[in-house]
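The next block holds one structure in the form of C-alpha cells; read it before the comments.
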Amino acid sequence: MQTQVMEISALFIGLRLALGVFELNSAVVFNGSQVGLKQRSGLTQPRSGAGISTVKCKLLGKAHLPAFSMDGDYIIGGVFSIHYSLHTVKHNYTSTPEPLRCTGSFDSRELRFSRSMVFAIDEINNSTDLLPGIRLGYQIYDSCAAVPMAVHLAFQLSNGEDLEVNTSDHCSQSGTVIAIVGESGSTPSISMSRVFGPFNIPQVSHFATCACLSNKQQYPSFFRTIPSDHYQAKALAKMVKHFGWTWIGAVHSDSDYGNNGMASFLEAAHKEGICVEYSESFYRTHPLSKIQKVADVIRRSTAMVIVAFAAPGDMRLLFEELLQKPSPPRQWIGSEAWVTDPDMLRFTFFAGAIGIGIERSVIPGLRDFLMDLPPNKVAASPVLTEFWENEFNCKLGKESSVSSEKSQCDGTENIQTLQSPYTDTSQLRITNMVYKAVYAIAHAIHNSVCQKTNSTAQCDRLTKIGSTQVLTQLKKVSFSQNGYEVSFDANGDPVATYDLVNWQQSQSGSVKLVTVGHYNASLPVGQEFSINKNLTWVGGSTQVPSSVCTDSCPPGTRKVLQKGKPICCYDCVPCPEGEISNSTDSSDCFPCPREFWSNAERSTCFPKPVEFLSFDEVLGIILAVFSVGGACLAIITAAVFFHHRTSPIVRANNSELSFLLLFSLALCFLCSLTFIGTPSEWSCMLRHTAFGITFVLCISCVLGKTMVVLMAFKATLPGSNVMKWFGPLQQRMTVVSFTFIQVLICTIWLAVSPPFPLKNLTTYKEKIILECALGSALGFWAVLGYIGLLAVFCFVLAVLARKLPDNFNEAKLITFSMLIFCAVWITFIPAYVSSPGKFTVAVEIFAILASSFGLFLCIFAPKCFIILFRPEKNTKKQLMNKNQS
C-alpha cells in the first residue's frame, strides 16, 4: 500500500513538474490534515473534519489536440505513432518550453491503424446487438513514436480536457476517457501503462509485444490483442531449429521491445541448441557510426542467417546502410514488427526473408471506409491533409505542411489508384488487432451498462461507470468477431497464433508478402508449426540455405568441441573400433554389446562373426583329408600285414603288437576329426580324451615293441632266460596297464572339471572364437605330460637298442619315430600357446597328424616296401644273416 501511495505521489509530482497538469491557485485550509485529489476511480478522500475552502485545480501547459475525435456517451482514447520522431526541444531555463510536437517521416500504416479504430467505433455505434442506443466517442492522438509525448498524452487522457476543476467536486468530472487503445511500440506502452495503472484505466495495445508487459504486478491495467514476444521468441527459435540453422547472427532494437524480445529469443535458442555468433543492438536515434558498426559486423560474420528483433524504423536505417556496401546475401529472419510492414518490402535486395507475422485477416467494409476521403474531410483534418500532400506530392491551401515548391493540388488526385500502406488492405494483420481491441473495450462497456432481457439487451446511456468497472469486465470478455476469437488470460494476453511469412519477389521485381505457414502455441509440443514448401530463400533460391559453424557430424563420428568456441563449433572425430554413433551430430560414441561389433562406417553394430575350424574352409578340408588319408594308410598297411602275416618280416616284428599299433594309429588319425567342426559339449570332452587315450595306446605299443627288441637280443645270449618273463601275455599287460593309467587320468579330468564349449571374446575384438575350454588346465597338461613321459621312456630304450645288429634294425626305426614324435610335441607347446583362434586347433591337429605320420612312416614304411617291392629280402635266411659291411 505504501508503495502504491508513493507511486501515485510520484506521478502527481511528474504531472505538475514535467507536464504541468494542475496548480492550486488559492489557499487550502488543512486544519492539521493533508488534502489529496480524488482519483477518478478511487483516490484518497479528504479526511473527515478537514475544512477546505473553494480551491480550483488549473491545468498547466497546453493540451495537445487529437488527430481525430468525436463526442459520445463514453469516450475511448487512442494513441498511435503516426509520425516517426519528436521535435527536439532546447531548454534555456528562462522561459516556458515550447510544446512538444511531432516531426520526421509520416507513417501511413499507423494512419491506417488509427482510421481502423474510427471504423470499428462507427460500426459499433450502428450495431443493434452491441451497446444499442449508446454512442461511443473517441480521442485519437499521435505519440510521434516518442516516450515523452506518450507520457504527456497518458496524463492528458487521464485528466481530461477541463481547464479548471473545483476541488469541492473532488475532481470527479476531471476524466472522460474510460479506456485506451494503444500504443504501437512497447517502450511507449510501458511508460503509458505506468501512468494508467494506478488509476485503473484499462489500456489495450494492438502492437506492444514486450513480454515484460505480462507482469500484472507492474502493469495491472494493461491488455493486448497481439501475442507476447515470449511466444514469438519461442516460435522464431523453433523455426530456426526447424530449418537446421545452428549458427546465426542477431540484431535488435535498443529498446524495451528489442532488448526483451531478443533476450527471450536467445534463451529459447539456447534451449534448442542454437549458437549465436554475435548480438548487436542499435536504435534509430543512435549516431550513424553505431549503425555502420552493426553493418560491418554483419558483413564480416560467417553466419548466413540473421535474426532481427527490431522496429521497422530501426530496420529501415540498417537496410539502407547495408545497401551502401552490399555484403554476401544473408537469410534474414524477422520479428512481426518489421517483416510484415508493407513499407519494408521496397528493400528488394533482402527478398527471401522469412519471419513471424500476425495472422492475416479480412475486415468487411474497411477498405471502402479508408478510401472515403472527400476533400472536405481531408481539409478538416491536419493529419489527413499531411497524408494527402505527402502521397500526392502537392499542397492543399495556402498554408501547407509541405514545401512551397510543391504544386497546388488540383482535385484530380485519386486515392483509389494510390499505392500506399494506407490503402493496402491485402495484409490486414495489425489492423485486425486494433479492430479487436476496440471491440474488446466495447464488450466490456456493454457488460457494465447493459442488461439482457429476453433475447435483446437494454442499455442505459445515463449510467455512470468508471474505468475500474471497465477494467473488471475487460478481464472477463470472450467473444467472436468476424470469425476471430477474442479473450485474455490472467496476464492480459491472447492466445498466441502466428503466420509464417515470406518475402517473395515477383517477375516484375517487386516483393510481396506471402503466407507460407502457421504457428499455434496452444497445440501440443511438436505440432505447433505447419509449413508448406513454397518458400523462396535468399537470392531467389528454392533450396534451404545452410548456416552452421561446422557441418553436421555424420553417423560414425562424434562431436569434439573446439577450444574457446561455442558449442556449435566442433570437430568430427571417428568412433573407435567397437563403438558406434547412429545419429547425426552425436556427442558421444556408444560401445556395441559384447557379442556385437561396429561396421566399417562405425554407424551400426552387427553380430560378431563366429569363428571355428570347420569342414567348409580350406584348412579344415586339408586337415580332414590328411586325417582320413592317414587312417586309410593304417588300414591298408594292416591289410597288407594280414595278407603277409606268415611272412618272416611280419612274424619277426611281433605281428600282434604291429596290428595293435596300426589300429591305434588309425584311431590317432581319426581323432583329429573331432577337433574340426562346431564345438559342442560332447565334442569338447571327446576330442581331448580320445586324443590322450589313443596316443597312449600307440606309444604303449611302440614301447612294447622296443622292449621286445631288447629282450630278443638278450635272449640270444648264452644262459639267458629273459623271454619267458616278457612273453605275449606280459606284452599285452604292459600295453593295457599304460593305457589304463591314461584312462584313469581322463576319467578324473572329466569328472572334476571337463572341457566345455566357450565363446572367446578376448582374443579378437572383432570376432568370436568358438573353442573348447580346457575346464581343468591341470587335467589337460596331465594327459599331455603322461604321453610325453611314455614317449621319452620309449625314446631312451630305442636309443639303447640302436647299436644292435642291423638285422634287428627296427630299434633304429623306433628311435627315428620317437625322435620325430618328441620334436613335434616339444614344438607344439609354444605354437599352441601363441596361436590365436582357430589356429590353436589347427596346430593341435597338425601335431597329432605329424606325430602319427612320423610313427607310421618310420616303423611300417620300410617293412611295406620290402613286402611289396623287395620280396626277395622277406626270407628267414635274409633276416638271420648279418649285414655285410
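Here's how to read the names in the C-alpha cells: chain A, B, ... by the order shown, residue numbers from 1 in each chain, ligand numbers from 1 in the order shown.
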
Residues flagged strand (DSSP E) by DSSP in segment 490-721 of chain A, as a PyMOL selection string = chain A and resi 497-505+511-520+529-531+557-561+570-574+579-580+590-591+596-598+605-607+610-611

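Coordinates place atom CA of Val640 of chain A at a distance of 10.7 Å from atom CA of Phe860 of chain A.
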
Hey, what does DSSP flag as alpha helix (DSSP H) within segment 716-871 of chain A? Can you give it to me as a ChimeraX atom specification?
-> /A:728-752,777-800,810-834,838-869

Within 12 Å of segment 361-372 of chain A using only C-alpha atoms, minus same-chain residues under 4 positions, as a ChimeraX atom specification = /A:108-109,111-123,357,376-378,384,388,414-436,481-484,498-499,515

Could you tell me how far atom CA of Ile441 of chain A lies from atom CA of Ala380 of chain A, in Å and to one decimal?
-> 27.9 Å

In Å to one decimal, how far is atom CA of Ser581 of chain A from atom CA of Cys553 of chain A?
-> 9.9 Å

Select, from A:Cys450, A:Val735, A:Ala798, A:Leu474, the residue with the minimum atom-to-atom distance to Thr706 of chain A, counting only C-alpha atoms.
-> A:Ala798

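Considering only C-alpha atoms, the residue among A:Gly72, A:Pro132, A:Gly197, A:Gly677 positioned nearest to Ser467 of chain A is A:Gly197.
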
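Using only C-alpha atoms, the shortest contact distance between Arg870 of chain A and any of A:Ile134, A:Ile649, A:Leu100, A:Leu686 is found at A:Ile649.
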
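Residue nearest His688 of chain A, chosen from A:Leu673, A:Leu213, A:Ile445, A:Val276 and counting only C-alpha atoms: A:Leu673.
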
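Take the candidates A:Trp537, A:Phe756, A:Phe590, A:Phe856 and check each one against Ser683 of chain A using only C-alpha atoms; the shortest distance goes to A:Phe756.
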
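In this comparison, which uses only C-alpha atoms, the residue of A:Ser255, A:Thr827, A:Thr96, A:Ser603 approaching Phe846 of chain A most closely is A:Thr827.
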